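Asker: This is run_17.csv (CSV, C-alpha atoms).
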```csv
chain,number,residue,atom,x,y,z
A,1,MET,CA,102.0,102.0,58.0
A,2,MET,CA,104.0,104.9,59.1
A,3,GLU,CA,102.1,105.4,62.3
A,4,LYS,CA,104.2,106.7,65.2
A,5,ASN,CA,105.2,103.8,67.3
A,6,TYR,CA,106.6,105.4,70.5
A,7,GLY,CA,105.3,107.3,73.5
A,8,SER,CA,101.7,106.9,74.5
A,9,LYS,CA,100.7,105.7,71.0
A,10,ARG,CA,103.4,102.9,71.1
A,11,LEU,CA,102.1,99.6,69.8
A,12,VAL,CA,102.4,97.1,72.6
A,13,VAL,CA,101.8,93.4,72.2
A,14,GLY,CA,100.3,91.1,74.8
A,15,ALA,CA,97.1,90.6,76.6
A,16,HIS,CA,97.6,93.6,78.9
A,17,TYR,CA,96.3,91.7,81.9
A,18,GLY,CA,99.6,92.2,83.7
A,19,PHE,CA,99.1,95.9,84.2
A,20,ARG,CA,95.3,95.5,84.7
A,21,ASP,CA,95.8,93.0,87.5
A,22,TRP,CA,98.7,95.0,89.0
A,23,LEU,CA,96.3,98.1,89.2
A,24,ALA,CA,93.3,96.0,90.3
A,25,GLN,CA,95.3,94.5,93.1
A,26,ARG,CA,96.1,98.0,94.4
A,27,VAL,CA,92.6,99.3,94.0
A,28,THR,CA,91.1,96.3,95.8
A,29,ALA,CA,93.7,96.6,98.5
A,30,VAL,CA,92.8,100.2,99.2
A,31,LEU,CA,89.1,99.3,99.3
A,32,MET,CA,89.8,96.5,101.9
A,33,ALA,CA,92.1,98.8,103.9
A,34,LEU,CA,89.3,101.5,104.1
A,35,PHE,CA,86.8,98.8,105.1
A,36,THR,CA,89.1,97.6,107.8
A,37,ILE,CA,89.3,101.1,109.3
A,38,VAL,CA,85.5,101.5,109.1
A,39,LEU,CA,84.9,98.2,110.8
A,40,VAL,CA,87.5,98.6,113.5
A,41,ALA,CA,86.2,102.1,114.3
A,42,GLN,CA,82.7,100.7,114.7
A,43,VAL,CA,83.9,97.9,116.9
A,44,LEU,CA,86.1,100.1,119.1
A,45,PHE,CA,83.8,103.0,119.7
A,46,GLY,CA,80.5,102.1,121.4
A,47,ALA,CA,79.1,99.9,124.2
A,48,ARG,CA,80.6,96.6,125.2
A,49,LEU,CA,80.8,94.2,122.2
A,50,GLY,CA,78.3,91.3,122.2
A,51,TYR,CA,76.0,89.7,119.8
A,52,GLU,CA,73.6,92.6,119.8
A,53,ARG,CA,76.1,95.2,118.8
A,54,TRP,CA,78.1,93.0,116.5
A,55,SER,CA,75.0,92.0,114.4
A,56,ALA,CA,73.7,95.5,114.4
A,57,ILE,CA,76.9,96.7,112.7
A,58,PHE,CA,76.2,94.3,109.7
A,59,SER,CA,72.5,94.9,109.8
A,60,ALA,CA,72.8,98.4,108.4
A,61,GLN,CA,72.0,98.3,104.7
A,62,TRP,CA,75.0,100.6,103.8
A,63,MET,CA,77.3,98.2,105.7
A,64,LYS,CA,75.9,95.2,103.8
A,65,VAL,CA,76.6,96.9,100.5
A,66,VAL,CA,80.1,98.0,101.6
A,67,THR,CA,80.8,94.5,102.9
A,68,PHE,CA,79.6,93.0,99.6
A,69,VAL,CA,81.9,95.2,97.6
A,70,VAL,CA,84.8,94.2,99.8
A,71,ILE,CA,84.0,90.5,99.4
A,72,ILE,CA,84.2,90.9,95.6
A,73,ALA,CA,87.4,93.0,96.0
A,74,LEU,CA,88.9,90.2,98.2
A,75,LEU,CA,87.9,87.6,95.6
A,76,TYR,CA,89.8,89.4,92.8
A,77,HIS,CA,92.7,90.4,95.0
A,78,ALA,CA,93.2,86.8,96.2
A,79,TRP,CA,92.9,85.5,92.7
A,80,VAL,CA,95.7,87.7,91.4
A,81,GLY,CA,97.9,86.9,94.4
A,82,MET,CA,97.4,83.2,94.3
A,83,ARG,CA,97.8,83.1,90.5
A,84,ASP,CA,101.1,84.9,90.9
A,85,ILE,CA,102.2,82.3,93.5
A,86,TRP,CA,101.3,79.4,91.2
A,87,MET,CA,102.9,81.0,88.2
A,88,ASP,CA,106.2,81.5,90.1
A,89,TYR,CA,106.5,78.1,91.8
A,90,VAL,CA,104.6,75.6,89.8
A,91,LYS,CA,106.1,74.9,86.4
A,92,PRO,CA,104.2,71.9,84.9
A,93,VAL,CA,101.3,73.3,82.9
A,94,ALA,CA,98.8,70.6,84.0
A,95,ALA,CA,99.5,71.1,87.8
A,96,LYS,CA,99.3,74.9,87.3
A,97,LEU,CA,95.9,74.6,85.6
A,98,VAL,CA,94.5,72.3,88.3
A,99,LEU,CA,95.7,74.7,91.1
A,100,GLN,CA,94.3,77.7,89.3
A,101,VAL,CA,90.9,76.0,88.8
A,102,PHE,CA,91.0,75.0,92.5
A,103,THR,CA,91.8,78.6,93.5
A,104,LEU,CA,88.8,79.9,91.5
A,105,VAL,CA,86.4,77.3,92.9
A,106,TRP,CA,87.6,78.0,96.4
A,107,LEU,CA,87.3,81.7,96.1
A,108,VAL,CA,83.9,81.8,94.4
A,109,GLY,CA,82.6,79.3,96.9
A,110,CYS,CA,83.8,81.3,99.8
A,111,ALA,CA,82.4,84.5,98.3
A,112,GLY,CA,79.0,82.9,97.8
A,113,TRP,CA,78.9,81.7,101.4
A,114,ALA,CA,79.9,85.1,102.8
A,115,VAL,CA,77.2,86.8,100.7
A,116,GLN,CA,74.6,84.3,102.0
A,117,VAL,CA,75.7,85.1,105.6
A,118,LEU,CA,75.4,88.8,105.0
A,119,TRP,CA,71.9,88.9,103.5
A,120,ARG,CA,70.4,86.3,105.8
A,121,LEU,CA,70.9,88.8,108.6
B,1,MET,CA,131.8,96.5,86.4
B,2,ALA,CA,135.0,96.2,88.4
B,3,GLU,CA,135.4,92.8,89.7
B,4,THR,CA,137.1,92.4,93.1
B,5,THR,CA,138.4,89.2,94.6
B,6,GLN,CA,135.6,89.5,97.2
B,7,SER,CA,132.8,89.6,94.7
B,8,ARG,CA,134.2,86.7,92.7
B,9,ASN,CA,134.2,84.5,95.8
B,10,ARG,CA,130.7,85.2,96.7
B,11,PRO,CA,128.2,82.3,96.4
B,12,VAL,CA,126.1,82.6,93.2
B,13,TYR,CA,122.5,81.6,93.3
B,14,ARG,CA,120.6,81.0,90.1
B,15,ASN,CA,117.3,79.2,90.3
B,16,ILE,CA,117.4,78.8,94.1
B,17,HIS,CA,116.8,75.3,95.2
B,18,VAL,CA,114.8,74.5,98.3
B,19,THR,CA,117.9,73.1,100.1
B,20,GLN,CA,119.7,76.4,99.4
B,21,ILE,CA,117.1,78.6,101.0
B,22,VAL,CA,118.3,77.8,104.5
B,23,GLY,CA,121.7,79.2,103.8
B,24,TYR,CA,120.5,82.2,101.8
B,25,ARG,CA,120.6,85.4,103.8
B,26,LEU,CA,117.7,87.6,102.7
B,27,PRO,CA,117.8,91.4,103.2
B,28,PRO,CA,114.9,92.8,105.4
B,29,ALA,CA,113.0,93.9,102.3
B,30,GLY,CA,113.3,90.3,101.0
B,31,ILE,CA,111.9,88.9,104.3
B,32,VAL,CA,109.0,91.3,104.1
B,33,SER,CA,108.4,90.2,100.6
B,34,ILE,CA,108.3,86.5,101.2
B,35,LEU,CA,106.2,87.0,104.4
B,36,HIS,CA,103.8,89.0,102.3
B,37,ARG,CA,103.3,85.9,100.1
B,38,VAL,CA,103.2,83.5,103.1
B,39,SER,CA,100.6,85.6,104.9
B,40,GLY,CA,98.5,85.9,101.8
B,41,ALA,CA,98.6,82.2,101.1
B,42,LEU,CA,97.7,81.5,104.8
B,43,MET,CA,94.7,83.8,104.7
B,44,PHE,CA,93.6,82.2,101.4
B,45,LEU,CA,93.8,78.7,102.9
B,46,LEU,CA,92.0,79.8,106.1
B,47,LEU,CA,89.3,81.7,104.3
B,48,PRO,CA,86.6,79.1,104.9
B,49,PHE,CA,87.4,79.2,108.6
B,50,VAL,CA,87.1,83.1,108.6
B,51,ILE,CA,83.8,82.9,106.9
B,52,TRP,CA,82.7,80.2,109.3
B,53,LEU,CA,83.5,82.6,112.1
B,54,PHE,CA,81.6,85.4,110.3
B,55,ASP,CA,78.7,83.0,109.9
B,56,VAL,CA,78.4,81.8,113.5
B,57,SER,CA,79.1,85.2,115.0
B,58,LEU,CA,76.3,86.8,113.0
B,59,THR,CA,73.5,84.3,112.4
B,60,SER,CA,71.9,84.1,115.9
B,61,GLU,CA,72.5,84.5,119.6
B,62,ILE,CA,72.8,80.8,119.9
B,63,SER,CA,75.4,80.5,117.1
B,64,TYR,CA,77.2,83.5,118.7
B,65,GLU,CA,77.6,81.3,121.8
B,66,ARG,CA,79.3,78.6,119.6
B,67,PHE,CA,81.6,81.3,118.2
B,68,THR,CA,82.8,82.4,121.7
B,69,SER,CA,83.0,78.9,123.0
B,70,ALA,CA,85.2,77.8,120.1
B,71,PHE,CA,88.0,79.8,121.7
B,72,VAL,CA,87.3,78.6,125.2
B,73,ALA,CA,86.0,75.1,125.1
B,74,GLY,CA,87.4,74.3,121.7
B,75,LEU,CA,86.0,73.1,118.4
B,76,GLY,CA,85.5,69.4,117.8
B,77,PHE,CA,88.7,67.7,118.8
B,78,LEU,CA,90.7,71.0,118.7
B,79,PRO,CA,91.2,72.6,122.1
B,80,GLY,CA,90.4,76.3,122.8
B,81,TRP,CA,94.1,77.4,123.1
B,82,PHE,CA,94.7,75.9,119.6
B,83,MET,CA,91.8,77.9,118.2
B,84,LYS,CA,93.3,81.0,119.8
B,85,LEU,CA,96.7,80.2,118.1
B,86,VAL,CA,95.0,79.9,114.7
B,87,ALA,CA,93.2,83.2,115.3
B,88,LEU,CA,96.6,84.7,116.3
B,89,ALA,CA,98.2,83.4,113.1
B,90,LEU,CA,95.4,85.0,111.1
B,91,ILE,CA,95.9,88.3,113.1
B,92,TRP,CA,99.6,88.3,112.3
B,93,ALA,CA,98.9,87.4,108.6
B,94,TYR,CA,96.4,90.3,108.3
B,95,LEU,CA,98.6,92.8,110.0
B,96,HIS,CA,101.7,91.9,108.1
B,97,HIS,CA,99.8,91.8,104.8
B,98,PHE,CA,98.2,95.1,105.6
B,99,ILE,CA,101.4,97.0,106.6
B,100,ALA,CA,103.5,95.5,103.8
B,101,GLY,CA,100.7,96.5,101.4
B,102,VAL,CA,100.7,100.0,102.6
B,103,ARG,CA,104.5,100.0,102.2
B,104,HIS,CA,104.0,98.9,98.6
B,105,LEU,CA,101.4,101.7,97.9
B,106,TRP,CA,103.7,104.2,99.5
B,107,MET,CA,106.6,103.1,97.3
B,108,ASP,CA,104.4,103.2,94.2
B,109,MET,CA,103.2,106.7,95.0
B,110,THR,CA,106.4,108.4,96.1
B,111,HIS,CA,108.9,106.3,94.1
B,112,SER,CA,110.8,105.7,97.4
B,113,VAL,CA,112.9,102.9,96.0
B,114,SER,CA,116.4,103.5,97.2
B,115,LYS,CA,118.2,100.8,99.1
B,116,ALA,CA,118.2,102.7,102.3
B,117,GLN,CA,114.5,103.6,102.2
B,118,GLY,CA,113.7,100.0,101.4
B,119,GLN,CA,115.6,98.8,104.3
B,120,VAL,CA,114.2,101.3,106.8
B,121,SER,CA,110.6,100.7,105.7
B,122,ALA,CA,111.1,96.9,105.8
B,123,TRP,CA,112.3,97.1,109.4
B,124,ILE,CA,109.3,99.3,110.3
B,125,THR,CA,107.0,96.8,108.6
B,126,LEU,CA,108.5,93.8,110.4
B,127,GLY,CA,108.6,95.6,113.8
B,128,ALA,CA,105.0,97.0,113.6
B,129,SER,CA,103.4,93.8,112.5
B,130,ALA,CA,105.3,91.8,115.2
B,131,GLY,CA,104.6,94.4,117.9
B,132,LEU,CA,100.9,94.6,117.2
B,133,THR,CA,100.6,90.9,117.0
B,134,LEU,CA,102.3,90.6,120.4
B,135,ALA,CA,99.9,93.2,121.9
B,136,LEU,CA,96.9,91.3,120.5
B,137,ALA,CA,98.4,88.0,121.7
B,138,VAL,CA,98.5,89.4,125.2
B,139,LYS,CA,94.8,90.5,124.9
B,140,LEU,CA,93.8,87.1,123.5
B,141,PHE,CA,95.6,84.8,126.0
B,142,ILE,CA,95.7,86.8,129.2
```
Just give me the structure as structure tokens.

Answerer:
Amino acid sequence: MMEKNYGSKRLVVGAHYGFRDWLAQRVTAVLMALFTIVLVAQVLFGARLGYERWSAIFSAQWMKVVTFVVIIALLYHAWVGMRDIWMDYVKPVAAKLVLQVFTLVWLVGCAGWAVQVLWRL
Amino acid sequence: MAETTQSRNRPVYRNIHVTQIVGYRLPPAGIVSILHRVSGALMFLLLPFVIWLFDVSLTSEISYERFTSAFVAGLGFLPGWFMKLVALALIWAYLHHFIAGVRHLWMDMTHSVSKAQGQVSAWITLGASAGLTLALAVKLFI
């Protein structure tokens, strides 16, 4: 085994989820930021905002798809962030596990509800 | 590293205890950082409330009425002004998280990580999120 163990071919140990989550958090953040701009632009420009216009914004099929993508992005983004918080401040393994499971249930439940609202429209 | 009398007398914090936080003076970048966490956790906890707002504001014209009246007549035993305060807390959390996030992306992309740059961008972040929150508070309450 005289393979080169430096540079881009360096053998690294670990599960690699640190870098993957770091990158995912930034990618999902950019998606949500762009969505915010798209939504705010639609709210600000146009007639006076009431139920008609508000529901029309989310009735468009492209907006439903974009919103769905953002809901999933939010789910992942919030998972990474909350897991970081639990890892930093909660040391007992049992408590950390319970809180992480709670976080997942909370986020998946919220995402399901949001998707239901979206496609009921 | 050269050790001076001054640096030797400085308080040393390892594993900061909750009771020490009060006396610990964070630099502006540190304040932005901890508020990034606080705002994120706040939005996480209030996520069901946000989706409830999404639900009632979209489902029907009747439920839209319930959405608007929550901030005027109140919701259950919670008065309308309290609901507005919760909305304002969410607005601040979103703005701070957004601007602090953009600051992060900017630092990642341009490697702007000097002490001076960090300080200036931290003050900009704190000022912009507080200023925008104040402007929206005026719109919300007046």

Asker: Residues within 9 Å of Phe54 (chain B), please, as a list of chain:residue names. Count all atoms listed in the file; anything in the same chain fewer than 3 positions from it doesn't count.

Answerer: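 Within the cut-off, the hits are A:Ala114, A:Val117, A:Leu118, B:Phe49, B:Val50, B:Ile51, B:Ser57, B:Leu58, B:Thr59, B:Phe67.
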
Asker: Taking only C-alpha atoms into account and nothing else, which residues of chain A lie no more than 8 Å away from chain B? Please answer as a list in words.

Answerer: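 Matching residues, ligands excluded from the count: Arg26, Ala29, Ala33, Tyr51, Trp54, Ser55, Ala78, Gly81, Met82, Ile85, Cys110, Trp113, Ala114, Val117, Arg120 and Leu121 of chain A.
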
Asker: For CA of Ala130 (chain B) and CA of His111 (chain B), determine how far apart the two atoms are, in Å to one decimal place.

Answerer: 25.9 Å

Asker: Pick out the closest residue to Gly131 (chain B) from this set: B:Val32, B:Met109, B:Ile91, B:Ile21. Count all atoms listed in the file.

Answerer: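 The shortest atom-to-atom distance to Gly131 (chain B) comes from B:Ile91.
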
Asker: When you draw a straight line from CA of Ser39 (chain B) to CA of Leu90 (chain B), how long is it in Å?

Answerer: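 These two atoms are separated by 8.1 Å.
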
Asker: Work out how far CA of Lys84 (chain B) is from CA of Phe141 (chain B), in Å to one decimal.

Answerer: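 Value for the CA of Phe141 (chain B)-CA of Lys84 (chain B) distance: 7.6 Å.
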
Asker: Taking into account all atoms listed in the file, which residue in the set A:Val69, A:Gln61, A:Asn5, A:Arg20 is nearest to Phe35 (chain A)?

Answerer: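 Closest candidate: A:Val69.
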
Asker: Looking at only C-alpha atoms, which of A:His16, A:Gln42, A:Trp86, A:Ile71 is the one that sits closest to Phe102 (chain A)?

Answerer: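 Among A:His16, A:Gln42, A:Trp86, A:Ile71, it is A:Trp86 that comes nearest to Phe102 (chain A).
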
Asker: Set the distance at 8 Å and use only C-alpha atoms: which residues neighbour Thr103 (chain A) once local chain neighbours fewer than 3 positions away are removed? I'd like the list as a list of chain:residue names.

Answerer: A:Trp79, A:Met82, A:Leu99, A:Gln100, A:Trp106, A:Leu107

Asker: From the options A:Val43, A:Leu31, A:Leu74, A:Val38, which residue's atoms come nearest to Trp62 (chain A), counting all atoms listed in the file?

Answerer: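 Distance minimum relative to Trp62 (chain A) lands on A:Val38.
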
Asker: Tell me, as a VMD selection string, which residues lie within 10 Å of Lys64 (chain A), counting all atoms listed in the file; anything in the same chain fewer than 4 positions away does not count.

Answerer: chain A and resid 57 to 60 68 to 70 115 118 to 119 121

Asker: Restricting the calculation to only C-alpha atoms, which member of B:Ala89, B:Ala122, B:Leu140, B:Leu132 is positioned closest to Leu26 (chain B)?

Answerer: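 The shortest atom-to-atom distance to Leu26 (chain B) comes from B:Ala122.
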